[in-house]
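input30.txt follows; it contains compact mmCIF, C-alpha atoms and all ligand atoms.
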# COMPACT_ATOMS: atom_id res chain seq x y z
CA MET A 1 -163.75 133.58 129.35
CA THR A 2 -164.55 134.56 125.76
CA LEU A 3 -162.38 136.21 123.16
CA GLN A 4 -164.31 139.42 123.82
CA ASP A 5 -163.31 139.30 127.53
CA GLU A 6 -159.72 138.70 126.54
CA LEU A 7 -159.70 141.59 124.06
CA ILE A 8 -161.23 143.92 126.65
CA ALA A 9 -158.62 142.90 129.22
CA GLU A 10 -155.82 143.52 126.73
CA ILE A 11 -157.22 146.94 125.77
CA ARG A 12 -157.64 147.92 129.44
CA ALA A 13 -153.99 146.98 130.03
CA ASN A 14 -152.35 148.31 126.85
CA GLY A 15 -154.80 150.77 125.33
CA PRO A 16 -156.84 150.51 122.13
CA MET A 17 -155.54 148.06 119.53
CA GLY A 18 -155.15 148.43 115.76
CA VAL A 19 -157.70 146.82 113.48
CA ASP A 20 -154.86 144.51 112.40
CA ARG A 21 -154.43 143.08 115.88
CA PHE A 22 -158.18 142.77 116.33
CA MET A 23 -158.47 140.88 113.04
CA ALA A 24 -155.47 138.65 113.78
CA LEU A 25 -156.93 137.62 117.15
CA ALA A 26 -160.56 137.31 115.97
CA LEU A 27 -159.45 134.93 113.21
CA GLY A 28 -156.31 133.30 114.57
CA HIS A 29 -156.31 133.37 118.38
CA PRO A 30 -154.97 129.90 119.24
CA ARG A 31 -157.90 129.08 121.51
CA TYR A 32 -160.81 131.27 120.38
CA GLY A 33 -159.92 132.34 116.83
CA TYR A 34 -162.68 131.93 114.27
CA TYR A 35 -160.67 129.68 111.92
CA MET A 36 -158.96 127.83 114.74
CA THR A 37 -162.15 126.41 116.20
CA ARG A 38 -164.33 125.45 113.23
CA ASP A 39 -164.79 124.67 109.56
CA PRO A 40 -166.83 127.71 108.51
CA LEU A 41 -167.33 126.74 104.88
CA GLY A 42 -170.43 125.53 103.12
CA LEU A 43 -174.17 125.95 103.40
CA ALA A 44 -174.29 124.75 107.02
CA GLY A 45 -171.46 127.12 107.92
CA ASP A 46 -171.00 130.85 107.43
CA PHE A 47 -169.99 131.34 103.80
CA VAL A 48 -169.49 129.51 100.50
CA THR A 49 -166.38 129.90 98.35
CA ALA A 50 -165.76 129.28 94.65
CA PRO A 51 -164.24 125.77 94.98
CA GLU A 52 -167.26 124.74 97.07
CA ILE A 53 -169.65 125.99 94.37
CA SER A 54 -168.30 123.81 91.56
CA GLN A 55 -165.47 121.35 90.95
CA ILE A 56 -164.77 123.28 87.74
CA PHE A 57 -163.06 126.08 89.69
CA GLY A 58 -160.33 123.84 91.13
CA GLU A 59 -160.04 121.88 87.89
CA LEU A 60 -159.31 125.02 85.89
CA LEU A 61 -156.72 126.18 88.42
CA GLY A 62 -155.18 122.69 88.20
CA LEU A 63 -154.94 123.19 84.45
CA LEU A 64 -153.34 126.58 85.02
CA ALA A 65 -150.85 124.97 87.43
CA ALA A 66 -150.03 122.16 84.98
CA THR A 67 -149.39 124.55 82.10
CA SER A 68 -147.26 126.71 84.44
CA TRP A 69 -145.15 123.62 85.14
CA GLN A 70 -144.69 123.22 81.38
CA ALA A 71 -143.71 126.89 81.05
CA LEU A 72 -141.15 126.38 83.83
CA GLY A 73 -139.51 123.72 81.62
CA GLU A 74 -141.12 120.68 83.24
CA PRO A 75 -138.81 120.56 86.27
CA SER A 76 -138.54 117.07 87.83
CA GLU A 77 -139.40 118.53 91.25
CA VAL A 78 -141.91 121.30 91.83
CA ALA A 79 -143.89 122.43 94.87
CA LEU A 80 -147.61 122.93 94.33
CA VAL A 81 -148.51 125.31 97.15
CA GLU A 82 -151.89 126.52 98.35
CA LEU A 83 -152.36 129.36 100.82
CA GLY A 84 -155.42 128.98 103.07
CA PRO A 85 -156.81 125.81 101.47
CA GLY A 86 -160.06 125.69 103.47
CA ARG A 87 -161.47 122.18 103.13
CA GLY A 88 -158.89 121.14 100.56
CA THR A 89 -161.53 121.03 97.82
CA LEU A 90 -159.65 123.23 95.36
CA MET A 91 -156.47 121.19 95.75
CA ALA A 92 -158.30 117.87 95.37
CA ASP A 93 -159.99 119.09 92.16
CA ALA A 94 -156.73 120.58 90.85
CA LEU A 95 -154.81 117.32 91.41
CA ARG A 96 -157.52 115.31 89.66
CA ALA A 97 -157.39 117.66 86.66
CA GLY A 98 -153.57 117.60 86.79
CA LYS A 99 -153.65 113.88 85.98
CA ALA A 100 -154.19 114.91 82.36
CA LEU A 101 -150.47 115.70 82.40
CA PRO A 102 -148.93 112.62 84.08
CA GLY A 103 -145.42 114.09 84.29
CA PHE A 104 -146.76 117.03 86.26
CA LEU A 105 -148.34 114.85 88.92
CA ALA A 106 -145.17 112.79 89.30
CA ALA A 107 -143.03 115.93 89.70
CA LEU A 108 -145.09 117.73 92.31
CA ASP A 109 -145.28 117.74 96.07
CA VAL A 110 -148.22 119.41 97.80
CA HIS A 111 -147.55 122.14 100.38
CA LEU A 112 -150.40 123.73 102.31
CA VAL A 113 -150.07 126.95 104.31
CA GLU A 114 -152.78 126.65 106.95
CA MET A 115 -152.99 127.93 110.51
CA SER A 116 -156.16 126.09 111.55
CA PRO A 117 -155.85 122.59 113.02
CA VAL A 118 -159.53 121.94 112.24
CA LEU A 119 -159.07 122.82 108.58
CA GLN A 120 -155.78 120.89 108.37
CA ARG A 121 -157.79 117.79 109.29
CA ALA A 122 -160.43 118.59 106.66
CA GLN A 123 -157.66 119.04 104.07
CA ALA A 124 -156.08 115.71 104.99
CA ALA A 125 -159.47 114.01 104.51
CA SER A 126 -160.06 115.67 101.12
CA LEU A 127 -156.62 114.67 99.84
CA LYS A 128 -156.60 111.15 101.25
CA ASP A 129 -157.19 109.54 97.83
CA SER A 130 -155.18 112.03 95.80
CA GLY A 131 -151.98 110.00 95.87
CA LYS A 132 -150.15 112.93 97.48
CA SER A 133 -149.29 113.44 101.15
CA PRO A 134 -149.31 117.15 101.84
CA THR A 135 -146.82 119.00 104.02
CA TRP A 136 -148.38 121.70 106.20
CA HIS A 137 -146.78 125.04 106.97
CA PRO A 138 -147.88 127.59 109.58
CA SER A 139 -146.69 130.42 107.30
CA VAL A 140 -144.97 130.95 103.95
CA ALA A 141 -141.51 131.26 105.54
CA SER A 142 -140.96 127.49 105.72
CA LEU A 143 -141.97 126.68 102.11
CA PRO A 144 -139.30 124.79 100.08
CA ASP A 145 -136.31 126.85 98.98
CA ASP A 146 -134.80 124.41 96.48
CA ARG A 147 -137.34 124.05 93.67
CA PRO A 148 -139.83 126.07 91.62
CA LEU A 149 -143.11 126.99 93.29
CA ILE A 150 -146.60 127.05 91.81
CA ILE A 151 -148.72 128.91 94.34
CA LEU A 152 -152.52 129.17 94.43
CA ALA A 153 -154.48 131.33 96.88
CA ASN A 154 -158.27 131.65 96.82
CA GLU A 155 -159.89 133.88 99.45
CA PHE A 156 -156.68 133.89 101.49
CA PHE A 157 -155.51 137.50 101.31
CA ASP A 158 -158.94 138.85 102.38
CA ALA A 159 -158.36 137.24 105.79
CA VAL A 160 -154.93 138.81 106.28
CA PRO A 161 -155.09 141.69 108.78
CA ILE A 162 -155.42 145.29 107.64
CA ARG A 163 -154.86 148.64 109.33
CA GLN A 164 -157.30 151.48 108.80
CA PHE A 165 -156.84 155.24 108.95
CA GLN A 166 -159.60 157.82 108.83
CA ARG A 167 -159.48 161.43 107.76
CA TYR A 168 -160.67 163.64 110.61
CA GLN A 169 -160.48 167.44 110.67
CA GLY A 170 -157.93 167.45 107.89
CA GLN A 171 -155.62 164.77 109.30
CA TRP A 172 -155.29 160.98 109.23
CA HIS A 173 -155.88 159.08 112.47
CA GLU A 174 -155.52 155.33 112.87
CA ARG A 175 -158.81 153.55 113.64
CA LEU A 176 -158.43 151.62 116.87
CA VAL A 177 -160.60 149.15 118.74
CA GLY A 178 -161.22 150.34 122.30
CA VAL A 179 -163.73 149.78 125.09
CA SER A 180 -166.81 152.00 125.43
CA ALA A 181 -168.14 153.41 128.71
CA GLU A 182 -170.66 150.51 128.69
CA GLY A 183 -167.79 148.03 128.60
CA ARG A 184 -168.24 147.00 124.93
CA LEU A 185 -165.73 146.89 122.11
CA ALA A 186 -166.01 150.11 120.13
CA MET A 187 -164.24 151.61 117.14
CA GLY A 188 -162.51 154.93 117.69
CA LEU A 189 -159.67 157.05 116.37
CA SER A 190 -156.19 157.41 117.74
CA PRO A 191 -156.00 160.82 119.47
CA VAL A 192 -152.70 161.46 117.72
CA PRO A 193 -152.76 161.93 113.94
CA SER A 194 -150.50 159.87 111.70
CA ALA A 195 -147.70 161.75 110.04
CA PHE A 196 -148.44 160.88 106.40
CA ASP A 197 -150.51 163.15 104.25
CA VAL A 198 -152.60 162.17 101.29
CA GLN A 199 -155.43 164.54 100.45
CA ALA A 200 -158.94 163.22 100.98
CA GLU A 201 -162.29 164.40 102.26
CA ASP A 202 -163.10 164.24 105.93
CA GLY A 203 -164.47 160.83 106.86
CA ALA A 204 -162.50 159.01 104.11
CA VAL A 205 -160.97 155.69 105.18
CA PHE A 206 -157.56 154.45 104.03
CA GLU A 207 -156.75 150.74 104.36
CA THR A 208 -153.42 148.99 104.11
CA SER A 209 -152.30 145.45 104.84
CA PRO A 210 -148.61 145.39 105.73
CA VAL A 211 -148.81 141.67 106.55
CA SER A 212 -150.16 140.90 103.05
CA HIS A 213 -147.38 142.98 101.52
CA GLU A 214 -144.80 141.07 103.55
CA ILE A 215 -146.26 137.68 102.53
CA MET A 216 -146.20 138.81 98.90
CA ARG A 217 -142.61 140.04 99.25
CA GLN A 218 -141.44 136.73 100.72
CA LEU A 219 -143.23 134.66 98.07
CA SER A 220 -141.98 136.89 95.25
CA GLU A 221 -138.39 136.59 96.47
CA LYS A 222 -138.75 132.82 96.39
CA ILE A 223 -140.26 132.97 92.90
CA VAL A 224 -137.35 135.11 91.71
CA ALA A 225 -134.75 132.79 93.26
CA GLN A 226 -136.36 129.43 92.48
CA GLY A 227 -138.69 130.16 89.55
CA GLY A 228 -142.40 130.01 89.88
CA VAL A 229 -145.92 131.30 89.46
CA LEU A 230 -148.45 132.67 91.93
CA VAL A 231 -152.14 133.17 91.26
CA ALA A 232 -154.23 134.89 93.93
CA ILE A 233 -158.00 135.24 93.60
CA ASP A 234 -160.13 137.29 95.95
CA TYR A 235 -162.71 139.99 96.13
CA GLY A 236 -161.11 143.36 95.95
CA HIS A 237 -160.14 146.25 93.73
CA PRO A 238 -157.58 146.41 90.93
CA ARG A 239 -156.49 149.95 91.84
CA PHE A 240 -156.17 151.65 95.21
CA ALA A 241 -159.43 153.16 96.42
CA PHE A 242 -160.45 154.83 99.67
CA GLY A 243 -163.19 153.08 101.65
CA ASP A 244 -163.99 151.02 104.71
CA THR A 245 -164.27 147.42 103.48
CA LEU A 246 -163.87 145.63 106.81
CA GLN A 247 -166.77 143.22 107.16
CA ALA A 248 -167.99 140.34 109.28
CA VAL A 249 -170.09 137.47 107.94
CA ARG A 250 -171.96 134.92 109.98
CA LYS A 251 -174.47 132.36 108.70
CA HIS A 252 -174.32 133.89 105.20
CA LYS A 253 -175.25 137.37 106.47
CA PHE A 254 -173.31 140.51 107.32
CA ALA A 255 -172.84 141.05 111.05
CA PRO A 256 -171.44 143.96 113.09
CA VAL A 257 -167.63 143.68 112.96
CA LEU A 258 -167.01 144.06 116.69
CA GLU A 259 -169.88 141.84 117.87
CA ASN A 260 -169.00 138.29 119.01
CA PRO A 261 -165.35 138.29 117.95
CA GLY A 262 -164.21 134.77 117.09
CA GLU A 263 -167.72 133.79 115.99
CA ALA A 264 -167.83 135.56 112.61
CA ASP A 265 -165.55 135.62 109.59
CA ILE A 266 -163.80 138.98 109.31
CA THR A 267 -162.36 140.07 105.99
CA ALA A 268 -161.42 143.13 103.98
CA HIS A 269 -161.29 143.73 100.25
CA VAL A 270 -157.88 143.01 98.78
CA ASP A 271 -155.98 145.92 97.25
CA PHE A 272 -154.47 144.03 94.32
CA SER A 273 -152.44 147.01 93.15
CA ALA A 274 -150.58 146.98 96.48
CA LEU A 275 -149.85 143.24 96.13
CA ALA A 276 -148.60 143.82 92.59
CA ILE A 277 -146.29 146.61 93.80
CA ALA A 278 -144.92 144.35 96.57
CA ALA A 279 -144.20 141.63 93.97
CA LYS A 280 -142.52 144.08 91.61
CA ARG A 281 -140.35 145.60 94.34
CA ALA A 282 -139.13 142.07 95.14
CA GLY A 283 -138.04 141.65 91.51
CA ALA A 284 -140.92 139.48 90.28
CA ARG A 285 -143.33 140.21 87.44
CA PRO A 286 -146.98 140.95 88.20
CA TYR A 287 -149.43 140.69 85.29
CA PRO A 288 -152.42 142.96 84.72
CA ILE A 289 -155.26 142.10 87.07
CA LEU A 290 -158.22 140.20 85.64
CA THR A 291 -161.77 139.78 86.80
CA GLN A 292 -162.66 136.24 87.80
CA ALA A 293 -165.19 136.25 84.94
CA THR A 294 -162.48 136.91 82.36
CA LEU A 295 -160.00 134.45 83.88
CA LEU A 296 -162.55 131.62 83.99
CA ASP A 297 -163.77 132.42 80.45
CA ARG A 298 -160.20 132.22 79.19
CA LEU A 299 -159.53 128.98 81.06
CA GLY A 300 -162.52 127.42 79.31
CA VAL A 301 -165.17 127.34 82.02
CA HIS A 302 -168.04 127.06 79.52
CA HIS A 303 -166.39 124.29 77.56
CA ARG A 304 -165.74 122.30 80.76
CA ALA A 305 -169.33 122.88 81.88
CA GLU A 306 -170.70 121.44 78.62
CA ILE A 307 -168.65 118.26 79.13
CA LEU A 308 -169.83 117.84 82.73
CA LYS A 309 -173.46 118.54 81.76
CA LYS A 310 -173.50 115.53 79.43
CA LYS A 311 -172.93 113.22 82.40
CA ALA A 312 -174.84 115.23 85.01
CA LYS A 313 -178.12 114.19 86.63
CA ASP A 314 -179.14 117.82 86.82
CA PRO A 315 -177.36 119.82 84.08
CA LYS A 316 -179.17 122.96 85.12
CA GLU A 317 -177.29 122.92 88.43
CA ILE A 318 -174.03 123.24 86.51
CA ASP A 319 -175.33 126.25 84.59
CA VAL A 320 -176.33 127.90 87.86
CA ALA A 321 -172.90 127.25 89.41
CA VAL A 322 -171.05 128.60 86.36
CA GLU A 323 -173.23 131.69 86.32
CA ARG A 324 -172.43 132.27 89.98
CA LEU A 325 -168.68 131.88 89.45
CA ALA A 326 -168.21 133.57 86.09
CA GLY A 327 -171.36 135.61 85.57
CA THR A 328 -171.28 139.40 85.48
CA ALA A 329 -174.60 140.09 87.21
CA PRO A 330 -174.22 142.12 90.43
CA GLU A 331 -174.99 139.10 92.64
CA ALA A 332 -172.50 136.86 90.80
CA MET A 333 -168.80 136.60 91.64
CA GLY A 334 -167.42 137.26 88.16
CA LEU A 335 -166.80 140.99 88.47
CA LEU A 336 -166.39 141.34 92.24
CA PHE A 337 -163.56 138.80 92.35
CA LYS A 338 -160.21 139.58 90.76
CA ALA A 339 -157.12 137.54 89.95
CA LEU A 340 -153.47 138.53 90.14
CA ALA A 341 -150.66 136.46 88.63
CA VAL A 342 -146.97 136.85 89.45
CA THR A 343 -144.05 135.00 87.86
CA ASN A 344 -140.29 135.23 87.77
CA ILE A 345 -139.07 137.56 85.02
CA GLY A 346 -138.69 135.77 81.71
CA LEU A 347 -141.43 133.20 82.20
CA ALA A 348 -144.37 133.19 79.79
CA ALA A 349 -147.63 134.64 81.07
CA PRO A 350 -149.75 132.05 82.90
CA ILE A 351 -152.66 131.01 80.71
CA GLY A 352 -155.38 133.63 80.70
CA PHE A 353 -153.04 136.42 81.81
CA ASP A 354 -151.46 137.17 78.42
CA GLN A 355 -153.88 140.03 77.69
CA ASP A 356 -155.47 142.82 79.73
CA ASP A 357 -159.05 142.45 80.87
CA PRO A 358 -161.35 144.59 78.69
CA ARG A 359 -163.84 144.45 81.59
CA LEU A 360 -161.42 146.54 83.68
CA LYS A 361 -160.59 149.18 81.08
CA THR A 362 -161.08 152.72 82.36
CA SER A 363 -162.62 155.08 79.84
N1 LIG B 1 -159.29 128.77 99.97
C1 LIG B 1 -160.41 128.16 100.63
C2 LIG B 1 -160.69 128.72 102.03
C3 LIG B 1 -160.87 130.21 102.16
S1 LIG B 1 -161.12 130.66 103.87
C4 LIG B 1 -161.64 128.25 99.76
O1 LIG B 1 -161.61 128.98 98.79
O2 LIG B 1 -162.63 127.56 100.05
C5 LIG B 1 -159.52 131.24 104.36
C6 LIG B 1 -158.50 130.17 104.58
O3 LIG B 1 -157.26 130.77 104.92
C7 LIG B 1 -158.80 129.19 105.70
O4 LIG B 1 -158.28 127.93 105.35
C8 LIG B 1 -158.03 129.83 106.87
O5 LIG B 1 -157.81 128.98 107.94
C9 LIG B 1 -156.78 130.25 106.16
N2 LIG B 1 -156.01 131.34 106.78
C10 LIG B 1 -156.46 132.58 107.05
N3 LIG B 1 -155.47 133.35 107.55
C11 LIG B 1 -154.37 132.57 107.58
C12 LIG B 1 -153.02 132.80 108.00
N4 LIG B 1 -152.64 134.00 108.45
N5 LIG B 1 -152.14 131.79 107.89
C13 LIG B 1 -152.54 130.58 107.41
N6 LIG B 1 -153.79 130.32 107.00
C14 LIG B 1 -154.71 131.29 107.08

Output the file's structure as structure tokens, nothing else.
Amino acid sequence: MTLQDELIAEIRANGPMGVDRFMALALGHPRYGYYMTRDPLGLAGDFVTAPEISQIFGELLGLLAATSWQALGEPSEVALVELGPGRGTLMADALRAGKALPGFLAALDVHLVEMSPVLQRAQAASLKDSGKSPTWHPSVASLPDDRPLIILANEFFDAVPIRQFQRYQGQWHERLVGVSAEGRLAMGLSPVPSAFDVQAEDGAVFETSPVSHEIMRQLSEKIVAQGGVLVAIDYGHPRFAFGDTLQAVRKHKFAPVLENPGEADITAHVDFSALAIAAKRAGARPYPILTQATLLDRLGVHHRAEILKKKAKDPKEIDVAVERLAGTAPEAMGLLFKALAVTNIGLAAPIGFDQDDPRLKTS
């Protein structure tokens, strides 16, 4: 049995499934899900993320977390939360940087929202010498409800399931995963149009991630009730845009989305404007979205790089890493990746988020 067999059996029994269910099973099926069975990160895996490129990324987010704790009034107990911590590299680097503010380290407990048992083990190993014993959560619902939260999420929301709708002969139809005559998974359209109407050209694709919106709502409600800050970084767009952004990546290359489910990472671009709306509706304050380039510039990425280069065997390597993270060339991450910050009303802007991003100004 493979995940593909299981999906085909489910579709034969219940009919075509939404892209959201396909994504949830491809990534999170308890036995065959992509994240449940492996550590996909790094050069030997399928993709590389910012914290794996340079320690500076996690260090700067640790600095952001520490200054957020100060803005919260230096509470004696605070939860430092990470959503989808991967190998635990970001958290390890953030905690090391957080030592610069000893009171912060003493006040915090580490909470990790992670569904993968394999990655939970990797996180435990990364944090073994950090002086903190993390608490794991299967979802955000069980996070502490009695203290302020400082929440970090890098490349988490892109893995949260989306639904897709496509304009066809003047109406919107949900895109569904079915089984072709040859017995393969195939993308099709629901025969029945959806009842909403937003004008667009035929062929246009509309994406929405109700699960992301719900996660954001729950976190924002906690931030409003308990105080707190959330910073989410991901590739995506600052304003809603039509387009099919569902993609699969395997061994550092794009792969067909429906081929070998459970063996490739499946993600979609994050609609940051939708996350900001969900936060606002829950009574929290979203700040204007920044590019990763601007956020890292403002957090002092170049300054930190100069310090590390003095002690480095190969200083050039650090320049290359910083260019990859904060550079604005098309192949760099600086412009493709965006950052959203959310706080309770009345809190100061997290550092870096006090001004709009001139790189995102529309003319
Ligand atoms: N933040 C890390 C890893 C990104 S990969 C980094 O930047 O390197 C996505 C991470 O989110 C993995 O740890 C994956 O297991 C986790 N994840 C994805 N969907 C999840 C869900 N619905 N609930 C909990 N964890 C999830």

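Closest approach to Ala274 in chain A among A:Pro148, A:Pro193, A:Gly262, A:Pro210: A:Pro210, based on all atoms listed in the file.
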
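Distances to Glu214 in chain A were evaluated for A:Ala276, A:Leu295, A:Leu72, A:Val229 using all atoms listed in the file, and the minimum falls at A:Ala276.
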
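As for CA of Tyr34 in chain A and atom C11 of ligand LIG 1 (chain B), they are spaced 10.7 Å apart.
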
- Around ligand LIG 1 (chain B), at most 6 Å away and counting only C-alpha atoms and all ligand atoms, which residues are there? Put them as a ChimeraX atom specification, please. /A:35,49-51,84-86,113-116,138-139,154-156,159-160

Need the shell around Gln218 in chain A: protein/DNA/RNA residues with any atom at most 12 Å away, counting all atoms listed in the file. Skip same-chain ones fewer than 3 positions apart. Format as an mmCIF file with C-alpha atoms, in the coordinates of the input?
data_model
loop_
_atom_site.group_PDB
_atom_site.id
_atom_site.type_symbol
_atom_site.label_atom_id
_atom_site.label_comp_id
_atom_site.auth_asym_id
_atom_site.auth_seq_id
_atom_site.Cartn_x
_atom_site.Cartn_y
_atom_site.Cartn_z
ATOM 1 C CA SER A 139 -146.690 130.420 107.300
ATOM 2 C CA VAL A 140 -144.970 130.950 103.950
ATOM 3 C CA ALA A 141 -141.510 131.260 105.540
ATOM 4 C CA SER A 142 -140.960 127.490 105.720
ATOM 5 C CA LEU A 143 -141.970 126.680 102.110
ATOM 6 C CA ASP A 145 -136.310 126.850 98.980
ATOM 7 C CA VAL A 211 -148.810 141.670 106.550
ATOM 8 C CA SER A 212 -150.160 140.900 103.050
ATOM 9 C CA HIS A 213 -147.380 142.980 101.520
ATOM 10 C CA GLU A 214 -144.800 141.070 103.550
ATOM 11 C CA ILE A 215 -146.260 137.680 102.530
ATOM 12 C CA GLU A 221 -138.390 136.590 96.470
ATOM 13 C CA LYS A 222 -138.750 132.820 96.390
ATOM 14 C CA ILE A 223 -140.260 132.970 92.900
ATOM 15 C CA VAL A 224 -137.350 135.110 91.710
ATOM 16 C CA ALA A 225 -134.750 132.790 93.260
ATOM 17 C CA LEU A 230 -148.450 132.670 91.930
ATOM 18 C CA LEU A 275 -149.850 143.240 96.130
ATOM 19 C CA ALA A 278 -144.920 144.350 96.570
ATOM 20 C CA ALA A 279 -144.200 141.630 93.970
ATOM 21 C CA LYS A 280 -142.520 144.080 91.610
ATOM 22 C CA ARG A 281 -140.350 145.600 94.340
ATOM 23 C CA ALA A 282 -139.130 142.070 95.140
ATOM 24 C CA GLY A 283 -138.040 141.650 91.510
ATOM 25 C CA ALA A 284 -140.920 139.480 90.280
#

With all atoms listed in the file counted, which protein, DNA or RNA residues have an atom no more than 12 Å from (-139.3, 121.1, 86.7) in the file frame? Please answer as a PDB file with C-alpha atoms, keeping the file's coordinate frame.
ATOM      1  CA  ALA A  66    -150.030 122.160  84.980  1.00  0.00           C
ATOM      2  CA  THR A  67    -149.390 124.550  82.100  1.00  0.00           C
ATOM      3  CA  SER A  68    -147.260 126.710  84.440  1.00  0.00           C
ATOM      4  CA  TRP A  69    -145.150 123.620  85.140  1.00  0.00           C
ATOM      5  CA  GLN A  70    -144.690 123.220  81.380  1.00  0.00           C
ATOM      6  CA  ALA A  71    -143.710 126.890  81.050  1.00  0.00           C
ATOM      7  CA  LEU A  72    -141.150 126.380  83.830  1.00  0.00           C
ATOM      8  CA  GLY A  73    -139.510 123.720  81.620  1.00  0.00           C
ATOM      9  CA  GLU A  74    -141.120 120.680  83.240  1.00  0.00           C
ATOM     10  CA  PRO A  75    -138.810 120.560  86.270  1.00  0.00           C
ATOM     11  CA  SER A  76    -138.540 117.070  87.830  1.00  0.00           C
ATOM     12  CA  GLU A  77    -139.400 118.530  91.250  1.00  0.00           C
ATOM     13  CA  VAL A  78    -141.910 121.300  91.830  1.00  0.00           C
ATOM     14  CA  ALA A  79    -143.890 122.430  94.870  1.00  0.00           C
ATOM     15  CA  LEU A  80    -147.610 122.930  94.330  1.00  0.00           C
ATOM     16  CA  GLY A 103    -145.420 114.090  84.290  1.00  0.00           C
ATOM     17  CA  PHE A 104    -146.760 117.030  86.260  1.00  0.00           C
ATOM     18  CA  LEU A 105    -148.340 114.850  88.920  1.00  0.00           C
ATOM     19  CA  ALA A 106    -145.170 112.790  89.300  1.00  0.00           C
ATOM     20  CA  ALA A 107    -143.030 115.930  89.700  1.00  0.00           C
ATOM     21  CA  LEU A 108    -145.090 117.730  92.310  1.00  0.00           C
ATOM     22  CA  ASP A 109    -145.280 117.740  96.070  1.00  0.00           C
ATOM     23  CA  ASP A 146    -134.800 124.410  96.480  1.00  0.00           C
ATOM     24  CA  ARG A 147    -137.340 124.050  93.670  1.00  0.00           C
ATOM     25  CA  PRO A 148    -139.830 126.070  91.620  1.00  0.00           C
ATOM     26  CA  LEU A 149    -143.110 126.990  93.290  1.00  0.00           C
ATOM     27  CA  ILE A 150    -146.600 127.050  91.810  1.00  0.00           C
ATOM     28  CA  GLN A 226    -136.360 129.430  92.480  1.00  0.00           C
ATOM     29  CA  GLY A 227    -138.690 130.160  89.550  1.00  0.00           C
ATOM     30  CA  GLY A 228    -142.400 130.010  89.880  1.00  0.00           C
TER      31      GLY A 228
END

- Message: Just to confirm, what's the straight-line distance from CA of Gln247 in chain A to CA of Val179 in chain A in Å (one decimal)?
- Response: 19.3 Å

- For Leu299 in chain A, which residue among A:Ala339, A:Leu3, A:Ile351, A:Met23 is the nearest when counting all atoms listed in the file? A:Ile351

- Task: Kindly indicate which residue among A:His252, A:Pro358, A:Met1, A:Leu219 lies nearest to Ala264 in chain A, using all atoms listed in the file for the distances.
- Result: A:His252

- Distance CA of Pro261 in chain A-CA of Leu152 in chain A, one decimal place? 28.3 Å

Contacts of Phe22 in chain A at 10 Å (only C-alpha atoms; same-chain gap of 5+ positions) as a short mmCIF file (atom, residue, chain, number, x, y, z; two decimals) with C-alpha atoms, in the coordinates of the input:
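Now in around_8.cif:
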data_model
loop_
_atom_site.label_atom_id
_atom_site.label_comp_id
_atom_site.auth_asym_id
_atom_site.auth_seq_id
_atom_site.Cartn_x
_atom_site.Cartn_y
_atom_site.Cartn_z
CA LEU A 7 -159.70 141.59 124.06
CA PRO A 16 -156.84 150.51 122.13
CA MET A 17 -155.54 148.06 119.53
CA LEU A 27 -159.45 134.93 113.21
CA GLY A 28 -156.31 133.30 114.57
CA HIS A 29 -156.31 133.37 118.38
CA PRO A 161 -155.09 141.69 108.78
CA ILE A 162 -155.42 145.29 107.64
CA ARG A 163 -154.86 148.64 109.33
CA LEU A 176 -158.43 151.62 116.87
CA VAL A 177 -160.60 149.15 118.74
CA LEU A 258 -167.01 144.06 116.69
CA PRO A 261 -165.35 138.29 117.95
CA ILE A 266 -163.80 138.98 109.31
#

- Query: Between A:Phe57, A:Tyr32, A:Phe272, A:Phe353, which is the closest to Asp158 in chain A once you count all atoms listed in the file?
  - Reply: A:Phe272

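The set of protein, DNA and RNA residues with any counted atom at most 9 Å from (-166.8, 137.7, 107.7) (all atoms listed in the file) reads Asp46, Phe47, Ala159, Leu246, Gln247, Ala248, Val249, Arg250, His252, Lys253, Phe254, Ala255, Val257, Ala264, Asp265, Ile266, Thr267 and Ala268 of chain A.
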
Write the residues of the preceding selection, restricted to C-alpha atoms, as a short mmCIF file (atom, residue, chain, number, x, y, z; two decimals), keeping the file's coordinate frame.
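Result file is out15.cif:
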data_model
loop_
_atom_site.label_atom_id
_atom_site.label_comp_id
_atom_site.auth_asym_id
_atom_site.auth_seq_id
_atom_site.Cartn_x
_atom_site.Cartn_y
_atom_site.Cartn_z
CA ASP A 46 -171.00 130.85 107.43
CA PHE A 47 -169.99 131.34 103.80
CA ALA A 159 -158.36 137.24 105.79
CA LEU A 246 -163.87 145.63 106.81
CA GLN A 247 -166.77 143.22 107.16
CA ALA A 248 -167.99 140.34 109.28
CA VAL A 249 -170.09 137.47 107.94
CA ARG A 250 -171.96 134.92 109.98
CA HIS A 252 -174.32 133.89 105.20
CA LYS A 253 -175.25 137.37 106.47
CA PHE A 254 -173.31 140.51 107.32
CA ALA A 255 -172.84 141.05 111.05
CA VAL A 257 -167.63 143.68 112.96
CA ALA A 264 -167.83 135.56 112.61
CA ASP A 265 -165.55 135.62 109.59
CA ILE A 266 -163.80 138.98 109.31
CA THR A 267 -162.36 140.07 105.99
CA ALA A 268 -161.42 143.13 103.98
#

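Counting only C-alpha atoms, the residue from A:Ser194, A:Ala186, A:Lys309, A:Ala65 that sits nearest to Ala100 in chain A is A:Ala65.
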
- List the neighbours of Pro288 in chain A out to 12 Å using all atoms listed in the file; skip same-chain residues closer than 2 positions along the sequence, and give me the result as a ChimeraX atom specification. /A:231,238-239,272-273,275-277,285-286,290-291,294-295,338-343,349-350,352-361
